[in-house]
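Text of coords_20.cif, listed as mmCIF, C-alpha atoms:
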data_work
#
loop_
_atom_site.group_PDB
_atom_site.id
_atom_site.type_symbol
_atom_site.label_atom_id
_atom_site.label_comp_id
_atom_site.auth_asym_id
_atom_site.auth_seq_id
_atom_site.Cartn_x
_atom_site.Cartn_y
_atom_site.Cartn_z
ATOM 1 C CA MET L 1220 0.000 0.000 0.000
ATOM 2 C CA SER L 1221 1.356 3.412 -0.996
ATOM 3 C CA GLY L 1222 2.180 5.952 1.670
ATOM 4 C CA LEU L 1223 2.014 8.804 -0.851
ATOM 5 C CA SER L 1224 -0.734 11.358 -1.272
ATOM 6 C CA GLY L 1225 -2.148 12.216 -4.688
ATOM 7 C CA ILE L 1226 0.425 14.993 -4.973
ATOM 8 C CA GLY L 1227 3.071 12.506 -3.841
ATOM 9 C CA MET L 1228 2.211 10.094 -6.645
ATOM 10 C CA PHE L 1229 2.466 12.926 -9.155
ATOM 11 C CA TRP L 1230 5.804 13.901 -7.566
ATOM 12 C CA ALA L 1231 7.127 10.348 -7.906
ATOM 13 C CA PHE L 1232 6.116 10.244 -11.578
ATOM 14 C CA LEU L 1233 7.692 13.639 -12.335
ATOM 15 C CA SER L 1234 10.854 12.691 -10.425
ATOM 16 C CA PHE L 1235 11.208 9.603 -12.600
ATOM 17 C CA ILE L 1236 10.677 11.659 -15.775
ATOM 18 C CA SER L 1237 13.224 14.290 -14.723
ATOM 19 C CA SER L 1238 15.850 11.657 -13.879
ATOM 20 C CA VAL L 1239 15.384 10.001 -17.285
ATOM 21 C CA LEU L 1240 15.641 13.343 -19.096
ATOM 22 C CA ILE L 1241 18.753 14.479 -17.275
ATOM 23 C CA CYS L 1242 20.538 11.136 -17.724
ATOM 24 C CA VAL L 1243 19.729 10.961 -21.445
ATOM 25 C CA GLY L 1244 20.760 14.588 -21.910
ATOM 26 C CA TYR L 1245 23.967 14.013 -19.971
ATOM 27 C CA PHE L 1246 25.172 10.897 -21.754
ATOM 28 C CA LEU L 1247 24.218 11.637 -25.378
ATOM 29 C CA PRO L 1248 26.438 13.947 -27.478
ATOM 30 C CA TYR L 1249 23.714 16.065 -29.072
ATOM 31 C CA TRP L 1250 24.081 19.409 -27.312
ATOM 32 C CA ILE L 1251 25.577 21.171 -30.359
ATOM 33 C CA SER L 1252 25.145 20.443 -34.069
ATOM 34 C CA GLY L 1253 27.614 21.670 -36.671
ATOM 35 C CA GLN L 1254 29.510 20.529 -39.726
ATOM 36 C CA MET L 1255 33.046 19.999 -40.953
ATOM 37 C CA TYR L 1256 34.435 20.039 -44.464
ATOM 38 C CA PHE L 1257 36.672 17.060 -45.114
ATOM 39 C CA GLN L 1258 38.305 15.685 -48.250
ATOM 40 C CA PHE L 1259 38.825 11.939 -48.375
ATOM 41 C CA SER L 1260 41.674 10.730 -50.603
ATOM 42 C CA GLY L 1261 40.591 10.594 -54.218
ATOM 43 C CA LYS L 1262 37.243 12.220 -53.524
ATOM 44 C CA SER L 1263 35.855 15.721 -53.610
ATOM 45 C CA GLU L 1264 35.356 17.725 -50.430
ATOM 46 C CA GLN L 1265 32.379 16.536 -48.366
ATOM 47 C CA THR L 1266 30.328 18.126 -45.640
ATOM 48 C CA ILE L 1267 30.255 15.967 -42.516
ATOM 49 C CA PRO L 1268 27.766 16.645 -39.704
ATOM 50 C CA VAL L 1269 29.316 16.767 -36.230
ATOM 51 C CA HIS L 1270 27.751 16.777 -32.786
ATOM 52 C CA PHE L 1271 29.150 17.732 -29.382
ATOM 53 C CA GLY L 1272 28.065 16.898 -25.855
ATOM 54 C CA ILE L 1273 29.869 17.833 -22.670
ATOM 55 C CA PHE L 1274 32.238 14.853 -22.691
ATOM 56 C CA ARG L 1275 31.373 13.106 -25.971
ATOM 57 C CA ARG L 1276 31.275 13.983 -29.664
ATOM 58 C CA CYS L 1277 30.277 12.418 -32.994
ATOM 59 C CA ASN L 1278 32.436 12.390 -36.148
ATOM 60 C CA TYR L 1279 35.926 13.649 -35.431
ATOM 61 C CA PRO L 1280 39.331 13.800 -37.182
ATOM 62 C CA ALA L 1281 42.087 11.415 -36.124
ATOM 63 C CA ILE L 1282 45.497 10.172 -37.271
ATOM 64 C CA ASN L 1283 45.412 6.583 -38.581
ATOM 65 C CA LYS L 1284 48.177 3.972 -38.373
ATOM 66 C CA ASP L 1285 49.760 5.288 -41.573
ATOM 67 C CA GLY L 1286 50.072 8.773 -40.119
ATOM 68 C CA GLU L 1287 47.348 10.170 -42.359
ATOM 69 C CA LEU L 1288 44.517 12.408 -41.253
ATOM 70 C CA THR L 1289 41.201 10.583 -41.398
ATOM 71 C CA LEU L 1290 37.694 11.089 -40.098
ATOM 72 C CA ILE L 1291 36.097 8.741 -37.567
ATOM 73 C CA LEU L 1292 32.385 8.534 -38.378
ATOM 74 C CA GLU L 1293 31.095 7.423 -35.003
ATOM 75 C CA CYS L 1294 30.248 8.771 -31.566
ATOM 76 C CA GLY L 1295 32.622 8.389 -28.673
ATOM 77 C CA LYS L 1296 33.724 9.927 -25.406
ATOM 78 C CA TYR L 1297 37.019 11.640 -24.813
ATOM 79 C CA THR L 1298 39.677 9.106 -23.829
ATOM 80 C CA THR L 1299 40.568 10.798 -20.550
ATOM 81 C CA PHE L 1300 39.025 13.583 -18.491
ATOM 82 C CA SER L 1301 41.936 15.883 -19.413
ATOM 83 C CA ASP L 1302 41.098 15.424 -23.123
ATOM 84 C CA ILE L 1303 37.822 17.328 -22.714
ATOM 85 C CA PRO L 1304 38.716 20.473 -24.681
ATOM 86 C CA SER L 1305 37.438 23.112 -22.255
ATOM 87 C CA THR L 1306 37.703 23.744 -18.528
ATOM 88 C CA SER L 1307 34.083 24.877 -18.549
ATOM 89 C CA TRP L 1308 33.032 21.551 -20.079
ATOM 90 C CA LYS L 1309 35.007 19.674 -17.433
ATOM 91 C CA ILE L 1310 33.163 21.564 -14.688
ATOM 92 C CA ALA L 1311 29.833 20.945 -16.439
ATOM 93 C CA THR L 1312 30.644 17.222 -16.705
ATOM 94 C CA LEU L 1313 31.281 16.986 -12.967
ATOM 95 C CA VAL L 1314 28.354 19.048 -11.668
ATOM 96 C CA ILE L 1315 25.738 17.634 -14.055
ATOM 97 C CA GLY L 1316 27.007 14.107 -13.428
ATOM 98 C CA PHE L 1317 26.648 14.660 -9.682
ATOM 99 C CA ALA L 1318 23.150 16.062 -10.245
ATOM 100 C CA CYS L 1319 22.279 12.910 -12.231
ATOM 101 C CA GLY L 1320 23.247 10.771 -9.252
ATOM 102 C CA ILE L 1321 21.071 12.826 -6.898
ATOM 103 C CA CYS L 1322 18.098 12.677 -9.284
ATOM 104 C CA LEU L 1323 18.400 8.907 -9.638
ATOM 105 C CA LEU L 1324 18.594 8.443 -5.859
ATOM 106 C CA VAL L 1325 15.509 10.566 -5.217
ATOM 107 C CA SER L 1326 13.628 8.968 -8.113
ATOM 108 C CA LEU L 1327 14.358 5.458 -6.831
ATOM 109 C CA THR L 1328 13.202 6.438 -3.334
ATOM 110 C CA ALA L 1329 10.034 8.008 -4.737
ATOM 111 C CA MET L 1330 9.211 4.917 -6.806
ATOM 112 C CA CYS L 1331 9.704 2.724 -3.737
ATOM 113 C CA GLY L 1332 7.287 4.998 -1.915
ATOM 114 C CA LEU L 1333 4.631 4.166 -4.495
ATOM 115 C CA CYS L 1334 4.731 0.508 -3.527
ATOM 116 C CA ILE L 1335 5.833 0.438 0.107
ATOM 117 C CA ASN L 1336 4.066 2.237 2.895
ATOM 118 C CA GLY L 1337 6.292 4.124 5.336
ATOM 119 C CA VAL L 1338 9.152 4.892 2.925
ATOM 120 C CA ILE L 1339 8.172 8.506 2.260
ATOM 121 C CA VAL L 1340 7.656 9.947 5.729
ATOM 122 C CA PRO L 1341 7.728 13.751 6.222
ATOM 123 C CA THR L 1342 11.442 13.808 7.101
ATOM 124 C CA VAL L 1343 12.360 11.795 3.995
ATOM 125 C CA ALA L 1344 10.078 13.948 1.821
ATOM 126 C CA ARG L 1345 11.713 17.160 3.072
ATOM 127 C CA SER L 1346 15.177 15.706 2.512
ATOM 128 C CA ALA L 1347 14.188 14.630 -1.013
ATOM 129 C CA GLY L 1348 12.885 18.118 -1.741
ATOM 130 C CA ILE L 1349 16.126 19.719 -0.560
ATOM 131 C CA LEU L 1350 18.179 17.273 -2.631
ATOM 132 C CA GLN L 1351 16.109 18.069 -5.703
ATOM 133 C CA ILE L 1352 16.632 21.798 -5.176
ATOM 134 C CA CYS L 1353 20.378 21.135 -4.974
ATOM 135 C CA SER L 1354 20.375 18.941 -8.096
ATOM 136 C CA GLY L 1355 18.343 21.514 -10.029
ATOM 137 C CA LEU L 1356 20.798 24.264 -9.083
ATOM 138 C CA LEU L 1357 23.747 22.043 -10.012
ATOM 139 C CA MET L 1358 22.209 21.292 -13.399
ATOM 140 C CA ALA L 1359 21.535 25.001 -13.965
ATOM 141 C CA THR L 1360 25.168 25.757 -13.087
ATOM 142 C CA GLY L 1361 26.413 23.129 -15.546
ATOM 143 C CA VAL L 1362 24.128 24.273 -18.365
ATOM 144 C CA GLY L 1363 24.989 27.911 -17.645
ATOM 145 C CA ILE L 1364 28.750 27.387 -17.699
ATOM 146 C CA TYR L 1365 28.782 25.035 -20.719
ATOM 147 C CA PRO L 1366 28.546 27.851 -23.344
ATOM 148 C CA ASN L 1367 31.611 29.500 -21.817
ATOM 149 C CA GLY L 1368 33.642 26.736 -23.482
ATOM 150 C CA TRP L 1369 32.465 27.455 -27.006
ATOM 151 C CA ASP L 1370 35.759 29.169 -27.789
ATOM 152 C CA ASN L 1371 37.737 25.902 -27.764
ATOM 153 C CA PRO L 1372 39.508 24.798 -31.005
ATOM 154 C CA GLU L 1373 37.254 21.787 -31.612
ATOM 155 C CA ILE L 1374 34.135 23.929 -31.632
ATOM 156 C CA GLN L 1375 35.829 26.466 -33.903
ATOM 157 C CA GLN L 1376 36.699 23.702 -36.381
ATOM 158 C CA ALA L 1377 33.012 22.880 -36.739
ATOM 159 C CA CYS L 1378 31.402 26.264 -36.082
ATOM 160 C CA GLY L 1379 33.870 28.655 -37.678
ATOM 161 C CA ASN L 1380 36.345 31.091 -36.180
ATOM 162 C CA THR L 1381 33.459 33.351 -35.181
ATOM 163 C CA SER L 1382 32.579 30.897 -32.427
ATOM 164 C CA LYS L 1383 33.417 32.226 -28.970
ATOM 165 C CA SER L 1384 32.136 32.033 -25.409
ATOM 166 C CA TYR L 1385 28.333 32.166 -25.428
ATOM 167 C CA SER L 1386 28.300 32.529 -29.228
ATOM 168 C CA LEU L 1387 28.113 29.398 -31.400
ATOM 169 C CA GLY L 1388 29.008 30.916 -34.747
ATOM 170 C CA ASN L 1389 27.712 28.657 -37.528
ATOM 171 C CA CYS L 1390 26.528 25.870 -35.208
ATOM 172 C CA SER L 1391 23.221 25.484 -33.405
ATOM 173 C CA LEU L 1392 22.016 24.054 -30.117
ATOM 174 C CA SER L 1393 20.592 20.552 -30.413
ATOM 175 C CA TRP L 1394 17.859 18.630 -28.609
ATOM 176 C CA CYS L 1395 19.927 17.291 -25.688
ATOM 177 C CA PHE L 1396 20.659 20.841 -24.541
ATOM 178 C CA TYR L 1397 16.957 21.648 -24.496
ATOM 179 C CA MET L 1398 16.130 18.322 -22.842
ATOM 180 C CA THR L 1399 18.577 19.013 -20.030
ATOM 181 C CA SER L 1400 17.181 22.526 -19.624
ATOM 182 C CA ALA L 1401 13.651 21.107 -19.395
ATOM 183 C CA ALA L 1402 14.859 18.620 -16.764
ATOM 184 C CA ILE L 1403 16.030 21.544 -14.620
ATOM 185 C CA GLY L 1404 12.547 23.055 -14.589
ATOM 186 C CA ILE L 1405 10.858 19.725 -13.851
ATOM 187 C CA THR L 1406 13.301 18.951 -11.041
ATOM 188 C CA LEU L 1407 12.657 22.310 -9.365
ATOM 189 C CA VAL L 1408 8.897 21.725 -9.627
ATOM 190 C CA CYS L 1409 9.440 18.304 -8.024
ATOM 191 C CA SER L 1410 11.361 19.899 -5.163
ATOM 192 C CA ALA L 1411 8.251 21.905 -4.249
ATOM 193 C CA LEU L 1412 5.909 18.925 -4.605
ATOM 194 C CA ALA L 1413 8.116 16.736 -2.401
ATOM 195 C CA PHE L 1414 7.064 18.578 0.771
ATOM 196 C CA HIS L 1415 3.449 17.518 0.132
ATOM 197 C CA ALA L 1416 4.232 13.945 -0.903
ATOM 198 C CA PRO L 1417 3.400 11.958 2.293
ATOM 199 C CA LYS L 1418 -0.150 11.197 3.279
ATOM 200 C CA ARG L 1419 -1.409 13.192 6.205
ATOM 201 C CA LYS L 1420 -1.214 11.409 9.490
ATOM 202 C CA GLN L 1421 -4.490 9.955 10.572
ATOM 203 C CA ILE L 1422 -5.557 11.073 14.029
ATOM 204 C CA ILE L 1423 -7.011 8.242 16.070
ATOM 205 C CA THR L 1424 -9.741 9.438 18.388
ATOM 206 C CA GLY L 1425 -10.022 7.766 21.763
ATOM 207 C CA TYR L 1426 -13.104 6.802 23.702
ATOM 208 C CA ALA L 1427 -13.854 8.108 27.136
ATOM 209 C CA LEU L 1428 -14.741 5.492 29.679
#
Can you present the structure in this file as structure tokens?
Amino acid sequence: MSGLSGIGMFWAFLSFISSVLICVGYFLPYWISGQMYFQFSGKSEQTIPVHFGIFRRCNYPAINKDGELTLILECGKYTTFSDIPSTSWKIATLVIGFACGICLLVSLTAMCGLCINGVIVPTVARSAGILQICSGLLMATGVGIYPNGWDNPEIQQACGNTSKSYSLGNCSLSWCFYMTSAAIGITLVCSALAFHAPKRKQIITGYAL
């Protein structure tokens, strides 16, 4: 039997949605869409679409075993944390990743509260609300600082030399950026709903003898 009120059930559902959105937005490299011009040997110059996340990218140049410049047409993460091309992106990777962990923890607790009575008591609900406020602010910090790294050389290769901090040049924001931004709003709404998640205590009236 659930120990959640009607608002609490809605909170649990929204918490699950926000955790899915933030995790998908965090792990997929579709925050920025651009293009590179590349000439394969023996072929005319081709336009190759490229995508950037905060620690992953799709379609990137590399040196092959023969020492020739080639283009890897796949998505992958940077080999090491230090390979992430911008300090701002490194900070965004850490804070949004931490926010993902908080969202997943709260979401799991909320889903357990749907099935098990006594999991979401007022103290737990308040703690969950505070954690969701913190995760929402962390996500907002990560999303806010991410554009500061748009002046790195990899972005300029795909977006033109006009690309700079908070200006994408010839590139455009892609759906993962908007998904993560939407997750911030949903998470902050959840933080307010969390305080009303438990059922009200039932008062047992006694009988006078």
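Computed from the coordinates, the atom CA of Thr1399 of chain L to atom CA of Gly1363 of chain L distance equals 11.2 Å.
Neighbouring residues of Leu1356 of chain L at 12 Å or closer, counting only C-alpha atoms and skipping chain neighbours under 3 positions away, are Val1314, Ile1315, Phe1317, Ala1318, Cys1319, Ile1321, Cys1322, Ile1349, Leu1350, Gln1351, Ile1352, Cys1353, Ala1359, Thr1360, Gly1361, Val1362, Gly1363, Ser1400, Ala1402, Ile1403, Gly1404, Ile1405, Thr1406, Leu1407 and Ser1410 of chain L.
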- Which residue gives the smallest distance to Asn1367 of chain L among L:Ile1226, L:Ile1310, L:Val1239, L:Cys1277, with only C-alpha atoms counted?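 Checking each of L:Ile1226, L:Ile1310, L:Val1239, L:Cys1277 against Asn1367 of chain L, counting only C-alpha atoms, the winner is L:Ile1310.
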- Mind telling me what the PyMOL selection byres ((chain L and resi 1325) around 10) catches here, as a list of chain:residue names?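 Output from the PyMOL selection byres ((chain L and resi 1325) around 10), applied to this file: L:Ala1231, L:Ser1234, L:Phe1235, L:Ser1238, L:Gly1320, L:Ile1321, L:Cys1322, L:Leu1323, L:Leu1324, L:Ser1326, L:Leu1327, L:Thr1328, L:Ala1329, L:Met1330, L:Cys1331, L:Val1343, L:Ala1344, L:Ser1346, L:Ala1347, L:Gly1348, L:Leu1350, L:Gln1351.
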- Message: What does the structure give for the distance between atom CA of Pro1366 of chain L and atom CA of Trp1308 of chain L, in Å to one decimal?
- Response: 8.4 Å
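Using all atoms listed in the file for every distance, the candidate list L:Lys1309, L:Gly1316, L:Glu1264, L:Phe1246 yields L:Phe1246 as the residue closest to Gly1295 of chain L.
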- What does the PyMOL selection byres ((chain L and resi 1269-1271) around 12) select in this file, as a PyMOL selection string? chain L and resi 1244-1257+1266-1268+1272-1280+1290-1297+1303-1304+1308+1365-1366+1368-1369+1371+1373-1378+1387+1390-1396
- To one decimal in Å, tell me the separation between atom CA of Leu1333 of chain L and atom CA of Phe1414 of chain L. 15.5 Å
- Residue nearest Ala1413 of chain L - candidates L:Thr1289, L:Thr1312, L:Asn1336, L:Thr1342, atoms counted: all atoms listed in the file: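 Checking each candidate against Ala1413 of chain L, we get L:Thr1342 as the closest.
Here the PyMOL selection byres ((chain L and resi 1416) around 9) matches the residues L:Gly1222, L:Leu1223, L:Ser1224, L:Gly1225, L:Ile1226, L:Gly1227, L:Met1228, L:Phe1229, L:Trp1230, L:Ala1231, L:Ile1339, L:Val1340, L:Pro1341, L:Ala1344, L:Leu1412, L:Ala1413, L:Phe1414, L:His1415, L:Pro1417, L:Lys1418.
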- Task: Could you check which of L:Ala1281, L:Leu1233, L:Met1398, L:Ala1311 is closest to Met1358 of chain L, using all atoms listed in the file?
- Result: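 Closest to Met1358 of chain L of all the choices is L:Ala1311.
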Written-out segment 1231-1257 of chain L (N, CA and C atoms) as a CSV table (one decimal), in the first residue's frame:
chain,number,residue,atom,x,y,z
L,1231,ALA,N,6.3,11.5,-7.6
L,1231,ALA,CA,7.1,10.3,-7.9
L,1231,ALA,C,7.2,10.2,-9.4
L,1232,PHE,N,6.1,10.4,-10.1
L,1232,PHE,CA,6.1,10.2,-11.6
L,1232,PHE,C,7.0,11.3,-12.2
L,1233,LEU,N,6.9,12.6,-11.8
L,1233,LEU,CA,7.7,13.6,-12.3
L,1233,LEU,C,9.2,13.4,-12.0
L,1234,SER,N,9.5,12.9,-10.8
L,1234,SER,CA,10.9,12.7,-10.4
L,1234,SER,C,11.5,11.6,-11.3
L,1235,PHE,N,10.7,10.6,-11.7
L,1235,PHE,CA,11.2,9.6,-12.6
L,1235,PHE,C,11.5,10.2,-14.0
L,1236,ILE,N,10.5,11.0,-14.5
L,1236,ILE,CA,10.7,11.7,-15.8
L,1236,ILE,C,11.9,12.6,-15.8
L,1237,SER,N,12.1,13.4,-14.7
L,1237,SER,CA,13.2,14.3,-14.7
L,1237,SER,C,14.5,13.5,-14.7
L,1238,SER,N,14.6,12.4,-13.9
L,1238,SER,CA,15.9,11.7,-13.9
L,1238,SER,C,16.2,11.0,-15.2
L,1239,VAL,N,15.2,10.6,-15.9
L,1239,VAL,CA,15.4,10.0,-17.3
L,1239,VAL,C,15.9,11.1,-18.2
L,1240,LEU,N,15.2,12.2,-18.2
L,1240,LEU,CA,15.6,13.3,-19.1
L,1240,LEU,C,17.1,13.8,-18.8
L,1241,ILE,N,17.4,14.0,-17.6
L,1241,ILE,CA,18.8,14.5,-17.3
L,1241,ILE,C,19.8,13.5,-17.6
L,1242,CYS,N,19.5,12.2,-17.4
L,1242,CYS,CA,20.5,11.1,-17.7
L,1242,CYS,C,20.7,11.0,-19.2
L,1243,VAL,N,19.6,11.0,-20.0
L,1243,VAL,CA,19.7,11.0,-21.4
L,1243,VAL,C,20.5,12.2,-22.0
L,1244,GLY,N,20.1,13.4,-21.5
L,1244,GLY,CA,20.8,14.6,-21.9
L,1244,GLY,C,22.2,14.6,-21.6
L,1245,TYR,N,22.6,14.0,-20.4
L,1245,TYR,CA,24.0,14.0,-20.0
L,1245,TYR,C,24.8,13.1,-20.8
L,1246,PHE,N,24.3,11.9,-21.1
L,1246,PHE,CA,25.2,10.9,-21.8
L,1246,PHE,C,25.2,11.0,-23.3
L,1247,LEU,N,24.2,11.6,-23.9
L,1247,LEU,CA,24.2,11.6,-25.4
L,1247,LEU,C,24.9,12.9,-25.9
L,1248,PRO,N,25.6,12.8,-27.0
L,1248,PRO,CA,26.4,13.9,-27.5
L,1248,PRO,C,25.7,14.8,-28.5
L,1249,TYR,N,24.5,15.3,-28.1
L,1249,TYR,CA,23.7,16.1,-29.1
L,1249,TYR,C,23.3,17.4,-28.4
L,1250,TRP,N,24.3,18.1,-27.9
L,1250,TRP,CA,24.1,19.4,-27.3
L,1250,TRP,C,24.3,20.5,-28.4
L,1251,ILE,N,25.2,20.2,-29.3
L,1251,ILE,CA,25.6,21.2,-30.4
L,1251,ILE,C,25.6,20.4,-31.7
L,1252,SER,N,25.1,21.0,-32.7
L,1252,SER,CA,25.1,20.4,-34.1
L,1252,SER,C,25.9,21.4,-35.0
L,1253,GLY,N,26.9,20.9,-35.7
L,1253,GLY,CA,27.6,21.7,-36.7
L,1253,GLY,C,28.0,20.8,-37.9
L,1254,GLN,N,29.0,21.3,-38.6
L,1254,GLN,CA,29.5,20.5,-39.7
L,1254,GLN,C,31.0,20.8,-40.0
L,1255,MET,N,31.6,19.8,-40.6
L,1255,MET,CA,33.0,20.0,-41.0
L,1255,MET,C,33.2,19.7,-42.4
L,1256,TYR,N,34.2,20.3,-43.1
L,1256,TYR,CA,34.4,20.0,-44.5
L,1256,TYR,C,35.7,19.2,-44.5
L,1257,PHE,N,35.6,18.0,-45.1
L,1257,PHE,CA,36.7,17.1,-45.1
L,1257,PHE,C,36.8,16.4,-46.5
